[in-house]
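Engineer: Pasting a structure here, questions to come.
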Amino acid sequence: MYTYTIAARYMFTRRTTKAAIALVAIIVLMYLMVISVLEGFKDHYMDKIQSIDAHMTVDVGNFAGGIVHPEQWAGELSKFDPGIKGVTIGIETPAMSIFPRDRTIGTLRGIDLDKELTIGRLREILQPPDIKEFGVQEFNTRKFNGCLVGGAWHKAFNLKLNDRITFVFTDDDDQAKTVAFNIIGFYEGKNPFLENGAFVDRKVLANQIKVGGKAKTLFVWLKEPNRPDLKDFKEKLRVKMQEIVTREDTKLTAQTIDAIKNSGDPKLAEAVLPVFDTIDRERASRAIDALSAKDAPMAEKAIELLRNKDEQMAGKLIATLNREGRKNKVNVETWQEKDNNFYEAVTRENLMMRGIMGVFLLLTAFILFLIFDGMVSEKIRDIGALRALGASPAGIQKCFLMQAIFIGGLGVLIGMGLAELLLHNMNEIPWIRNNIYPSDAFAVDKIPHVTLNYDRIVIAVSSIASALLGAAIPAWRASRMNPVECLRHE
Amino acid sequence: MSNPVALRADNIGRHFIDGEKKLTVLKGVSLALNAGEVAALVGRSGSGKSTLLHILGLLDRPNEGEVFIDGTPAGQLPEKHRSIVRNARIGFVFQHFFLLPDFNVFENVLMPAKIHFSASQWMSNKSTCEKRARELLDGVGLGTHLTDSPRTLSGGERQRVAIARALFLEPKILLCDEPTGNLDQESGKRIMDLIFDASARTGAAAMVVTHDASLAERAHRRLHLDDGVLKTD
């Protein structure tokens, strides 16, 4: 019992212990402030990323029209797992964008606006917020399809509603296209990093790129984008999508073989069918499809050569088919991977800051060591008296270790209380708003903060541990003191 | 029939090593103290009185010989057990009082009980202990100083607190190292009265180290320590 009594009393009667409590409180306050604000910013920017970019994107090979049956496949994926909120369809192309007074380069994305508004989070960042369709607008007898422009372009080029924007890009035949759109709105989540681009109607863009009813990407929206098993879920999704693509490939292969068999040309069948027997039929089928789509005359020529039983060329065709076939794989990317540089930077910054705070905790342990060492020297006569009264060496050691726990615990409570108070009121303090996190530099209206329970536990445990670490050697020294020498100590 | 032996020392030897020099402080000291007996230990400075007292009180270990507390050898027990024996069986009164300055008078007297009991035991014995502490402090005339800091008390008052503290767990052995050494004659007499009274009342064997011949005269027995050798009157 005496260990608690002694520890508690020494804590409130010594100035040095009050200083130790203040030191721990300051470390806890600093740690929680810094980490909470960093987490807040991380959360804020991640939220912005998630509001524009889908949580997972699915592509097939590098084909502009790799998603052969977008609606059907999107439907299948939506029902694949209860964690999926929905799947939207998109196509993308890099484009030069010409504004009334300026020009730049960015991404032109074709989307289904109605689905993006209901499944995605576009509605949250849309200006004006009541836009429901891209529509077609007529100006001086000319008709323009509507488009939505990113906040970065909006700000940088001083764009206004109903300004014209002309995109220059290449179609699937590598032919240059120039298409003008009318600006019907802006999407701006105050994240310039992601808002260099424009959205137009998918079907309009698909026609321009010449991919017909196919699409480039499926955008998967999750109910919980920060789910801890995101990587595992990505693999699950990739396997499912591969299954869909394989099924489609097998179907295509069968259709191709049937077409060859039914062509009535026995020589063609004789020449081509072994090709399908020697290589992966699924990949061959996809490759022929791709080869035909990209360069139909060459494909025809190849088949013609096969028809003449040119073994050498047949070999070359097989190689070509294999090469094409290898591209035919499903790529799934999470939002973290897509914005990997940014995500990694923020994550590493948080990690680094935690490391720095760890060093501060070690310094605290060292200062507490000096405080406890001084206290033990100051209390030698008390130690002698306690030993004469029957206190054991372990009991003496426990007195100081208990005091360390009290100092750490009280410091944690005070530090956490002050941190909560400051975190919730820092936006009201002009000095912090203007000097530490100016809103224009950080693109935030308010300084964000998120205090994770994990961080609360880590700082509480490590503060108490550092107090214990600081007290360990002095407490051990106190326990090893000869009671007779303590009683004789002047 | 004489009282049982509360404290016995058999052939105690104690030396200290200082560099290459060996300094022998106690040479084959043997003694026995009966319950209720008060013995005065006298001798000139440096004769080994305090060393002997520390060995008898299990604060120090002899190089030779054995100490028996209530007939049980205790000199070579592990430190943890020696602490338990010291807490339950031995009460110390020192010349310099050794009160804990961060605790008030009442808390100082309660300290042996707090060392004795675990936290849960303390909770169930708290009121009994507090009652006993008040009684003891009343007994030494300090019933009105419970919340005073030891720093505000006179030397005599401090020593009375130390006696109350030493008697709290009703020890079988009371070891007093020049308890009147820092006090005036009147206060010294009062302290000795308290020690004699406590010994008679509780049956504790008391050994009092003193330089004061008149106080030594009051003891039931006088032990002389001369150059580490014990002689009895």
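How things are named: the first chain in the structure tokens is A, the next is B, and so on; residues count from 1 in each chain; ligands count from 1 in the order shown.
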As a PyMOL selection string, could you give me every residue of chain A near chain B (at most 10 Å apart, counting only C-alpha atoms)?

Structural biologist: chain A and resi 1-6+9-10+12-14+379+381-395+482-485+487-488

Engineer: Once you have the residues from the selection above, write them out as an mmCIF file, in the first residue's frame, restricted to C-alpha atoms.

Structural biologist:
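Final file, result23.cif:
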data_model
loop_
_atom_site.group_PDB
_atom_site.id
_atom_site.type_symbol
_atom_site.label_atom_id
_atom_site.label_comp_id
_atom_site.auth_asym_id
_atom_site.auth_seq_id
_atom_site.Cartn_x
_atom_site.Cartn_y
_atom_site.Cartn_z
ATOM 1 C CA MET A 1 0.000 0.000 0.000
ATOM 2 C CA TYR A 2 2.814 2.370 0.899
ATOM 3 C CA THR A 3 4.195 2.372 -2.633
ATOM 4 C CA TYR A 4 1.059 4.166 -3.908
ATOM 5 C CA THR A 5 1.050 6.530 -0.921
ATOM 6 C CA ILE A 6 4.709 7.463 -1.300
ATOM 7 C CA ARG A 9 2.827 12.221 -2.149
ATOM 8 C CA TYR A 10 6.203 12.731 -3.785
ATOM 9 C CA PHE A 12 2.636 16.661 -5.401
ATOM 10 C CA THR A 13 5.326 17.872 -3.036
ATOM 11 C CA ARG A 14 8.204 18.149 -5.481
ATOM 12 C CA LYS A 379 15.422 11.070 -0.769
ATOM 13 C CA ARG A 381 17.303 9.475 4.182
ATOM 14 C CA ASP A 382 13.658 8.673 3.439
ATOM 15 C CA ILE A 383 14.789 5.471 1.758
ATOM 16 C CA GLY A 384 16.788 4.585 4.892
ATOM 17 C CA ALA A 385 13.786 5.309 7.133
ATOM 18 C CA LEU A 386 11.455 3.258 4.966
ATOM 19 C CA ARG A 387 13.871 0.334 4.910
ATOM 20 C CA ALA A 388 14.099 0.517 8.749
ATOM 21 C CA LEU A 389 10.298 0.445 8.883
ATOM 22 C CA GLY A 390 10.293 -2.736 6.811
ATOM 23 C CA ALA A 391 10.110 -1.621 3.211
ATOM 24 C CA SER A 392 11.728 -4.182 0.906
ATOM 25 C CA PRO A 393 14.165 -3.235 -1.889
ATOM 26 C CA ALA A 394 11.492 -4.191 -4.413
ATOM 27 C CA GLY A 395 9.033 -1.976 -2.568
ATOM 28 C CA ASN A 482 22.439 -0.019 1.694
ATOM 29 C CA PRO A 483 19.915 1.026 4.392
ATOM 30 C CA VAL A 484 22.667 1.673 6.938
ATOM 31 C CA GLU A 485 24.445 4.040 4.564
ATOM 32 C CA LEU A 487 20.559 6.298 7.582
ATOM 33 C CA ARG A 488 24.057 7.700 7.941
#

Engineer: I need the residues in region 1-220 of chain B that are helix (DSSP H, G or I) according to DSSP; give them as a PyMOL selection string.

Structural biologist: chain B and resi 49-56+79-89+105-116+119-139+150-152+155-167+185-202+213-218

Engineer: Which residues, written as a PyMOL selection string, have at least one atom at most 8 Å from region 29-35 of chain B, with only C-alpha atoms counted and residues fewer than 4 positions away on the same chain left out?

Structural biologist: chain B and resi 2-13+39+172-173+203-206+228-230

Engineer: Write out as a list in words which residues come within 10 Å of Asp43 (chain A) when counting only C-alpha atoms, dropping same-chain ones fewer than 6 positions away.

Structural biologist: Val37, Ile49, Val346, Pro448, His449 and Val450 of chain A

Engineer: For region 179-187 of chain B, please output as a PDB file with C-alpha atoms, in the first residue's frame all residues within 9 Å (counting only C-alpha atoms; exclusion window: fewer than 4 positions along the same chain).

Structural biologist:
ATOM      1  CA  VAL B  93      13.970   4.853  17.251  1.00  0.00           C
ATOM      2  CA  PHE B  94      16.871   6.924  15.917  1.00  0.00           C
ATOM      3  CA  GLN B  95      18.737   9.902  17.260  1.00  0.00           C
ATOM      4  CA  HIS B  96      17.786  11.878  14.129  1.00  0.00           C
ATOM      5  CA  PHE B  97      14.158  10.684  14.227  1.00  0.00           C
ATOM      6  CA  GLY B 155      13.018  17.660  18.688  1.00  0.00           C
ATOM      7  CA  GLY B 156      11.283  16.044  21.658  1.00  0.00           C
ATOM      8  CA  GLU B 157       7.964  16.022  19.828  1.00  0.00           C
ATOM      9  CA  GLN B 159      11.063  11.739  18.840  1.00  0.00           C
ATOM     10  CA  ILE B 191      11.422   9.815  25.912  1.00  0.00           C
ATOM     11  CA  MET B 192      13.091   7.253  28.139  1.00  0.00           C
ATOM     12  CA  VAL B 208      18.938   1.529  24.026  1.00  0.00           C
ATOM     13  CA  VAL B 209      22.247   2.849  22.796  1.00  0.00           C
ATOM     14  CA  THR B 210      23.191   5.835  24.968  1.00  0.00           C
ATOM     15  CA  HIS B 211      26.075   7.908  26.176  1.00  0.00           C
ATOM     16  CA  ASP B 212      24.073   9.181  29.109  1.00  0.00           C
TER      17      ASP B 212
END

Engineer: As a PDB file with C-alpha atoms, in the first residue's frame, which residues of region 29-232 of chain B does DSSP assign to strand (DSSP E)?

Structural biologist:
ATOM      1  CA  VAL B  29      29.469 -10.508  20.297  1.00  0.00           C
ATOM      2  CA  SER B  30      26.885 -12.700  21.965  1.00  0.00           C
ATOM      3  CA  LEU B  31      23.868 -11.502  23.890  1.00  0.00           C
ATOM      4  CA  ALA B  32      20.276 -12.349  24.661  1.00  0.00           C
ATOM      5  CA  LEU B  33      17.417  -9.992  25.460  1.00  0.00           C
ATOM      6  CA  ASN B  34      14.294 -11.252  27.183  1.00  0.00           C
ATOM      7  CA  VAL B  38      15.383  -2.962  28.689  1.00  0.00           C
ATOM      8  CA  ALA B  39      19.130  -3.097  28.102  1.00  0.00           C
ATOM      9  CA  ALA B  40      21.396  -0.077  27.779  1.00  0.00           C
ATOM     10  CA  LEU B  41      24.262  -0.387  25.324  1.00  0.00           C
ATOM     11  CA  VAL B  42      27.065   1.950  26.195  1.00  0.00           C
ATOM     12  CA  GLU B  64      30.168 -14.137  11.347  1.00  0.00           C
ATOM     13  CA  GLY B  65      27.562 -15.376  13.787  1.00  0.00           C
ATOM     14  CA  GLU B  66      23.796 -15.386  13.721  1.00  0.00           C
ATOM     15  CA  VAL B  67      20.915 -13.257  14.967  1.00  0.00           C
ATOM     16  CA  PHE B  68      17.814 -14.987  16.318  1.00  0.00           C
ATOM     17  CA  ILE B  69      14.482 -13.199  16.460  1.00  0.00           C
ATOM     18  CA  THR B  72      14.360 -18.074  14.605  1.00  0.00           C
ATOM     19  CA  PRO B  73      17.671 -17.440  12.793  1.00  0.00           C
ATOM     20  CA  ILE B  90      11.303  -4.707  15.221  1.00  0.00           C
ATOM     21  CA  GLY B  91      10.744  -1.057  16.028  1.00  0.00           C
ATOM     22  CA  PHE B  92      13.475   1.531  15.524  1.00  0.00           C
ATOM     23  CA  VAL B  93      13.970   4.853  17.251  1.00  0.00           C
ATOM     24  CA  PHE B  94      16.871   6.924  15.917  1.00  0.00           C
ATOM     25  CA  ILE B 173      11.978  -5.777  19.844  1.00  0.00           C
ATOM     26  CA  LEU B 174      12.598  -2.061  20.214  1.00  0.00           C
ATOM     27  CA  LEU B 175      15.989  -0.788  19.095  1.00  0.00           C
ATOM     28  CA  CYS B 176      16.820   2.773  20.056  1.00  0.00           C
ATOM     29  CA  ASP B 177      19.968   4.425  18.764  1.00  0.00           C
ATOM     30  CA  ALA B 205      12.653  -6.297  24.562  1.00  0.00           C
ATOM     31  CA  ALA B 206      14.356  -2.926  24.230  1.00  0.00           C
ATOM     32  CA  MET B 207      17.980  -2.103  23.593  1.00  0.00           C
ATOM     33  CA  VAL B 208      18.938   1.529  24.026  1.00  0.00           C
ATOM     34  CA  VAL B 209      22.247   2.849  22.796  1.00  0.00           C
ATOM     35  CA  ARG B 221      20.911  -4.377  32.268  1.00  0.00           C
ATOM     36  CA  ARG B 222      23.932  -2.492  30.918  1.00  0.00           C
ATOM     37  CA  LEU B 223      26.051  -3.795  28.101  1.00  0.00           C
ATOM     38  CA  HIS B 224      29.454  -2.266  27.448  1.00  0.00           C
ATOM     39  CA  LEU B 225      30.950  -2.392  24.026  1.00  0.00           C
ATOM     40  CA  ASP B 226      34.651  -1.794  24.043  1.00  0.00           C
ATOM     41  CA  VAL B 229      33.987  -6.729  22.486  1.00  0.00           C
ATOM     42  CA  LEU B 230      30.822  -6.908  24.600  1.00  0.00           C
ATOM     43  CA  LYS B 231      31.009  -6.867  28.383  1.00  0.00           C
ATOM     44  CA  THR B 232      28.069  -7.123  30.762  1.00  0.00           C
TER      45      THR B 232
END

Engineer: Please provide the set of residues having any atom within 12 Å of Ser466 (chain A), restricted to only C-alpha atoms, with same-chain residues fewer than 3 positions apart removed, written as a ChimeraX atom specification.

Structural biologist: /A:20,23-24,27-28,357-369,401,404-405,407-409,411-412,458-463,469-472

Engineer: Now that the selection is made, can you save its residues with C-alpha atoms as a compact mmCIF listing (two decimals), in the first residue's frame?

Structural biologist:
# COMPACT_ATOMS: atom_id res chain seq x y z
CA ALA A 20 8.00 16.14 -15.29
CA LEU A 23 6.92 17.79 -19.86
CA VAL A 24 4.89 14.65 -20.56
CA ILE A 27 4.84 15.91 -25.53
CA VAL A 28 1.36 14.38 -25.59
CA MET A 357 7.75 12.20 -32.01
CA GLY A 358 9.32 8.89 -30.95
CA VAL A 359 12.67 10.67 -30.69
CA PHE A 360 11.01 13.37 -28.55
CA LEU A 361 9.66 10.63 -26.30
CA LEU A 362 13.16 9.22 -25.89
CA LEU A 363 14.40 12.70 -24.99
CA THR A 364 11.58 12.94 -22.47
CA ALA A 365 12.70 9.63 -21.00
CA PHE A 366 16.22 11.05 -20.64
CA ILE A 367 14.99 14.22 -18.91
CA LEU A 368 12.80 12.12 -16.63
CA PHE A 369 15.85 10.00 -15.86
CA LEU A 401 8.19 3.25 -10.73
CA ALA A 404 6.64 7.33 -13.02
CA ILE A 405 3.30 5.76 -13.91
CA ILE A 407 3.56 11.22 -13.81
CA GLY A 408 3.05 9.58 -17.21
CA GLY A 409 -0.66 9.01 -16.60
CA GLY A 411 0.76 14.01 -18.13
CA VAL A 412 -1.22 12.00 -20.68
CA VAL A 458 -0.01 4.81 -28.81
CA ILE A 459 0.78 8.17 -27.20
CA ALA A 460 -0.71 7.15 -23.84
CA VAL A 461 1.18 3.88 -23.70
CA SER A 462 4.46 5.32 -25.03
CA SER A 463 4.36 8.34 -22.68
CA LEU A 469 12.07 4.06 -18.87
CA GLY A 470 13.35 7.30 -17.34
CA ALA A 471 12.63 6.08 -13.80
CA ALA A 472 13.92 2.53 -14.26

Engineer: Which of these residues is nearest to Gly188 (chain B), using only C-alpha atoms: B:Asp70, B:Arg201, B:Glu170, B:Leu215?

Structural biologist: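 Of B:Asp70, B:Arg201, B:Glu170, B:Leu215, the one nearest Gly188 (chain B), counting only C-alpha atoms, is B:Leu215.
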
Engineer: Ranking A:Gln72, A:Thr57, A:Asn162, A:Asn350 by minimum distance to Asn331 (chain A) and counting only C-alpha atoms, which one comes first?

Structural biologist: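 Under the stated criterion, the closest residue is A:Thr57.
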
Engineer: Between CA of Gly120 (chain A) and CA of Leu230 (chain A), what is the distance in Å, rounded to a tenth?

Structural biologist: 18.0 Å

Engineer: Would you compute the distance between CA of Pro100 (chain A) and CA of Val149 (chain A)? Give it in Å to one decimal.

Structural biologist: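 So the two atoms, CA of Pro100 (chain A) and CA of Val149 (chain A), lie 13.9 Å apart.
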
Engineer: Grab the CA of Arg61 (chain B) to CA of Arg14 (chain B) distance for me, in Å with one decimal place.

Structural biologist: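 The value is 8.1 Å.
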
Engineer: Mind checking which residues fall within 9 Å of Glu420 (chain A), counting only C-alpha atoms, ignoring those fewer than 5 positions away in the same chain, and posting them as a list in words?

Structural biologist: Leu29, Leu32, Met33, Gly415, Asn425 and Thr451 of chain A
